[in-house]
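Beneath this line is the structure, given in structure tokens, with notes to follow.
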Amino acid sequence: MERIYVLKTYKLFIGGAFPRSESGRVYAVKDFKGKHLANTCQASRKDLRDAVVSARSAFPGWSGATAYNRGQILYRMAEILEGRTDQFIAEISALEGANPKAAALQVEESIDLLIWYAGWSDKISALDGSTNSVSGPFYNFTIPEPIGVVAVFAAAKPSLLNLVGAMASVITSGNTAVMVASEKFPLPAISFAECMATSDLPAGVVNILTGVSSELAPWAASHMDIDAIDAAGLSPKVLKEAQIAGVGNLKRIKTPPNIKSPKRILDFMESKTVWHPIGI
Amino acid sequence: MNPFEYAPALESTSIVTIKDRYGLFINGKFVAPKSGKYFPTINPSTEKKLSEIALASTEDVDLAVKAARVAYVKVWSKMPAAERGKYLFRIARILQERSREFAVLETLDNGKPIRESRDTDIPLAAAHFFYHAGWADKLQYSGNGSGPKPYGVVGQIIPWNFPMLMLAWKIAPALATGNTVVLKPAETTSLTALLFAEICQQAGLPNGVINIITGEGATGAALVNHPGIDKVAFTGSTEVGKLIATSIAGSKKAATLELGGKAANIIYDDAAIDEAVEGIVNGIFFNQGHVCCAGSRLLVQESIQDEVLTKLKERMALIRLGNPLDKNTDIGAINSAAQLAKIKELSAAGDAEGAERWSPACNIPADGYWFPPTIFTGVSQTHRIAREEIFGPVLSILTFRTPQEAVEKANNTPYGLSAGIWTEKGSKILWTASKLRAGVIWANTFNKFDPASPFGGYKESGWGREGGKHGLSAYLKASN
């Protein structure tokens, strides 16, 4: 007799733990042929708020860690992902309808993208920072700093690549993230949370919610403790609503065009300029 | 007799010719507004009318935007970048040549001391054009990819506190990056912008590259909402900045916003106290405190508060308030009756909420709008004067015990524009600077500005930077 295999329960990832939605809601995720795959949590606005609390709590530690340390942790995620390639190929194939070769390629690209962003952690300020020649006896420099808590609405396809790229570009600089996975393709996001949970990533640096983006976006946009939003996964209509709701704290709402670009890192950083007199 | 009494040293106004009436500067010419309406502009130190200015209607805004579009498509976007830069160099040079005229006019229209308009506003404005002129043909090195592109037509709205300097902050980078401009100066301070239009003519700048439309809030709203605008750049209050952000939601318009602040100026117990006191005075009383990055919250370490306060009061007693045209004047006129009313209202709230007010003896002129240099002690973080931007010569003084507390209090504001740190210990400067959530940090100095130095805020102090390499990105679409 064929063995009955153990199905996975897909839950949220908040503060380093895997809770269910406090709302008790789930929604059915289907494969590309319409066959049931899993009941995934439909995160509520309370789950979102909890995720923001844990992301904000993690911010001082993560932004205060050395860039070298952050880079190594992102690299560690790539190591873990590499070892679990088959699982992600299976999920991507089932959800996106990608053939195994294309799915494998997406996983490989995701691993390589993680490493690419890992390497940026201690170089982005060399790229974007400057010493400024002011007209006077002052030393003056500008450095990019992490903006704080970033909410990410990941774009749908390719689901793992978009999620991993958005996550890595946001946190490599020291931000913490509340990520809302693609509504249609949420499973790789939660499986990837398992990679993060075993990568020495401090709890709360990345939080992952699954659910309905259009339901969560206005709450994220009006949340006063979220500093910026990566709106790549939002429709134009929801984006406009988010832009209006985001005015409350003048949230930076960005839709970076490229998943692989240092501009993407800088979209979620602020420039700080420091002056000091020169003299004896 | 006061040993520090000075004989008046008035700057002559003969260098400036103010016309009776000004039209709009559209497509290289001064034209009468389609609205047919004009409004007066006054000298805030005398309340006397200086001139009257066109009130641009929606129709006028439309003409200006169209002129800017034609200039962009037909001339400016086709011009080699190096040639574009030469126009900016020309503007910088002519502005230097005519700097005294601009300084006097600025002081007449704005009320700021001639010492500041002459030594800060106008020289810095010229420096901004010179700095950005050099960028025009080097944009591929600005960190925006190998072929960055301008947005097109930029709508710019500037405030009344540094009229000519803010014009330069806006126009210089916009032009250097290849955009064309429709600029609206503040209602109460349009004259130097209109004089600047003459400079554009003298420089031979192609028609329509810069258009200057004067008017009120509705004029600004018409500009922001005009479908022909590709990008909005605004300096002003956070309140209006939020209205602008709301009105462009869902559009393709880009925006930079340079908004309010409530900067902490932190004095540690190991600071050079005399220098710090100068920094406090410069931080809050420069330009009558009409400065978005003013050091309006003094955070002084508890162990030195008595010494700092004593010295600060001694220093404040030497501040001279009066005729802005007098070269000895430190504090000029408040820019408008409306602003004076706001300063008075918030100061009254300081009294009502239990803070203690102090001002030095000060002769307030009979005419014009004036407010004496003022400090409040016993201020708590919940007081309105500790939370709201007063935009006047009013300092709220709070204390702290540990560096952690200083940082916590400094960051306890929705704003994040600037901050000051005073200590002789280098590692403490860098620690504090790294913890402060603000875009500009002045350590052992305050209120320094330079075209090469990016300026702009975190949090509700705005979006983007102005000046330096970083300011260019605000006017460029990056390429790969």
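Residues in the structure tokens are named by chain (A, B, ... in the order shown) and by number from 1 within that chain; ligands are numbered from 1 in the order shown.
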
_At a cut-off of 6 Å, using only C-alpha atoms, what residues contact region 38-52 of chain B? Leave out same-chain residues fewer than 6 positions from it and give the result as an MDAnalysis selection string._
chainID B and resid 20:21 108:109 111 188 333 335 367:369

*Check the DSSP output for the backbone and give back, as number ranges by chain, the residues of region 21-125 of chain A in helix (DSSP H, G or I).*
A: 45-64, 67-83, 85-96, 100-120, 124-125

*Return the neighbours of chain A among the residues of chain B, cut-off 6 Å, counting only C-alpha atoms, as a VMD selection string.*
chain B and resid 242 246 249 to 250 439 to 443 450 452 to 453 460

Please save C-alpha atoms of the selected residues as a CSV table (one decimal), in the first residue's frame.
```csv
chain,number,residue,atom,x,y,z
B,242,LYS,CA,0.4,66.1,3.0
B,246,THR,CA,-2.8,63.2,-1.3
B,249,ALA,CA,-1.8,59.8,-5.2
B,250,GLY,CA,-2.5,57.5,-8.1
B,439,GLY,CA,18.5,64.0,7.8
B,440,VAL,CA,21.0,66.7,8.7
B,441,ILE,CA,23.1,66.5,11.9
B,442,TRP,CA,25.2,69.5,12.9
B,443,ALA,CA,27.9,68.6,15.4
B,450,ASP,CA,26.0,74.3,1.2
B,452,ALA,CA,27.3,70.2,-2.1
B,453,SER,CA,25.6,69.0,1.1
B,460,GLU,CA,7.2,63.6,8.3
```

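We find CA of Ile212 (chain B) and CA of Phe455 (chain B) to be spaced 24.0 Å apart.
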
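Picture a line from CA of Ala272 (chain B) to CA of Phe446 (chain B); it runs 14.0 Å.
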
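Going from CA of Ser303 (chain B) over to CA of Asn282 (chain B), you cover 22.9 Å.
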
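Residues lying within 9 Å of Gly204 (chain B), counting only C-alpha atoms and ignoring same-chain neighbours fewer than 3 positions away, are Tyr87, Arg90, Ile199, Cys200, Gln201 and Asn207 of chain B.
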
I'd like the contact shell of Tyr68 (chain A) - 8 Å cut-off, only C-alpha atoms, skipping same-chain residues fewer than 3 positions apart - returned as an mmCIF file with N, CA and C atoms, in the first residue's frame.
```cif
data_model
loop_
_atom_site.group_PDB
_atom_site.id
_atom_site.type_symbol
_atom_site.label_atom_id
_atom_site.label_comp_id
_atom_site.auth_asym_id
_atom_site.auth_seq_id
_atom_site.Cartn_x
_atom_site.Cartn_y
_atom_site.Cartn_z
ATOM 1 N N GLY A 71 25.356 40.449 6.334
ATOM 2 C CA GLY A 71 25.712 39.774 5.079
ATOM 3 C C GLY A 71 25.855 38.277 5.267
ATOM 4 N N GLN A 72 26.462 37.892 6.377
ATOM 5 C CA GLN A 72 26.646 36.458 6.622
ATOM 6 C C GLN A 72 25.323 35.751 6.857
ATOM 7 N N SER A 121 25.606 44.339 1.780
ATOM 8 C CA SER A 121 25.358 44.907 3.113
ATOM 9 C C SER A 121 26.447 45.890 3.531
ATOM 10 N N ASP A 122 27.699 45.556 3.231
ATOM 11 C CA ASP A 122 28.795 46.436 3.663
ATOM 12 C C ASP A 122 29.375 47.243 2.505
#
```

*Pick from A:Val6, A:Ile124, A:Leu187, A:Ile265: nearest to Ser169 (chain A), with only C-alpha atoms counted?*
A:Ile265

*asked:* Among region 213-305 of chain B, which ones does DSSP assign to strand (DSSP E) (computed from the backbone)? Answer as a PyMOL selection string.
replied: chain B and resi 231-235+254-258+264-267+297-301

*Find the residues around Glu109 (chain A) up to 12 Å (only C-alpha atoms counted), leave out those fewer than 2 positions away in its own chain, and share them as number ranges by chain.*
A: 78, 81-82, 85, 102-107, 111-116, 158-165, 259-260

Requested write-out: C-alpha atoms of the selected residues, as a PDB file, in the first residue's frame:
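Produced file part-v7.pdb, reproduced below:
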```
ATOM      1  CA  ALA A  78      21.234  30.930   0.629  1.00  0.00           C
ATOM      2  CA  LEU A  81      17.752  27.317   0.515  1.00  0.00           C
ATOM      3  CA  GLU A  82      20.292  25.436  -1.585  1.00  0.00           C
ATOM      4  CA  THR A  85      15.906  23.147  -3.522  1.00  0.00           C
ATOM      5  CA  ALA A 102      11.985  26.509 -15.080  1.00  0.00           C
ATOM      6  CA  ALA A 103      11.130  26.024 -11.414  1.00  0.00           C
ATOM      7  CA  ALA A 104      14.668  24.834 -10.701  1.00  0.00           C
ATOM      8  CA  LEU A 105      16.021  27.857 -12.509  1.00  0.00           C
ATOM      9  CA  GLN A 106      13.897  30.133 -10.342  1.00  0.00           C
ATOM     10  CA  VAL A 107      15.221  28.523  -7.184  1.00  0.00           C
ATOM     11  CA  ILE A 111      19.795  31.544  -4.179  1.00  0.00           C
ATOM     12  CA  ASP A 112      22.146  33.628  -6.298  1.00  0.00           C
ATOM     13  CA  LEU A 113      20.112  36.767  -5.651  1.00  0.00           C
ATOM     14  CA  LEU A 114      20.370  36.174  -1.908  1.00  0.00           C
ATOM     15  CA  ILE A 115      24.134  36.024  -2.188  1.00  0.00           C
ATOM     16  CA  TRP A 116      24.164  39.118  -4.388  1.00  0.00           C
ATOM     17  CA  PRO A 158       8.019  34.359 -10.140  1.00  0.00           C
ATOM     18  CA  SER A 159       6.884  33.994  -6.564  1.00  0.00           C
ATOM     19  CA  LEU A 160      10.028  32.833  -4.777  1.00  0.00           C
ATOM     20  CA  LEU A 161      12.363  35.131  -6.672  1.00  0.00           C
ATOM     21  CA  ASN A 162      10.195  38.191  -6.021  1.00  0.00           C
ATOM     22  CA  LEU A 163       9.829  37.368  -2.364  1.00  0.00           C
ATOM     23  CA  VAL A 164      13.486  36.608  -1.762  1.00  0.00           C
ATOM     24  CA  GLY A 165      14.710  39.620  -3.768  1.00  0.00           C
ATOM     25  CA  ILE A 259      14.297  42.835  -8.430  1.00  0.00           C
ATOM     26  CA  LYS A 260      18.075  43.000  -8.710  1.00  0.00           C
TER      27      LYS A 260
END
```

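Every protein, DNA or RNA residue with an atom at most 9 Å from Phe185 (chain A), where only C-alpha atoms count and chain neighbours fewer than 4 positions away do not, is listed here: Val29, Lys30, Asp31, Glu91, Ile92, Leu95, Glu96, Ala156, Lys157, Ser159, Leu160, Ala181 and Ala189 of chain A.
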
*Using only C-alpha atoms, determine which residues lie at most 8 Å from Asn39 (chain A), disregarding the query and same-chain residues fewer than 3 positions distant; provide the list as an MDAnalysis selection string.*
chainID A and resid 9:10 26:29
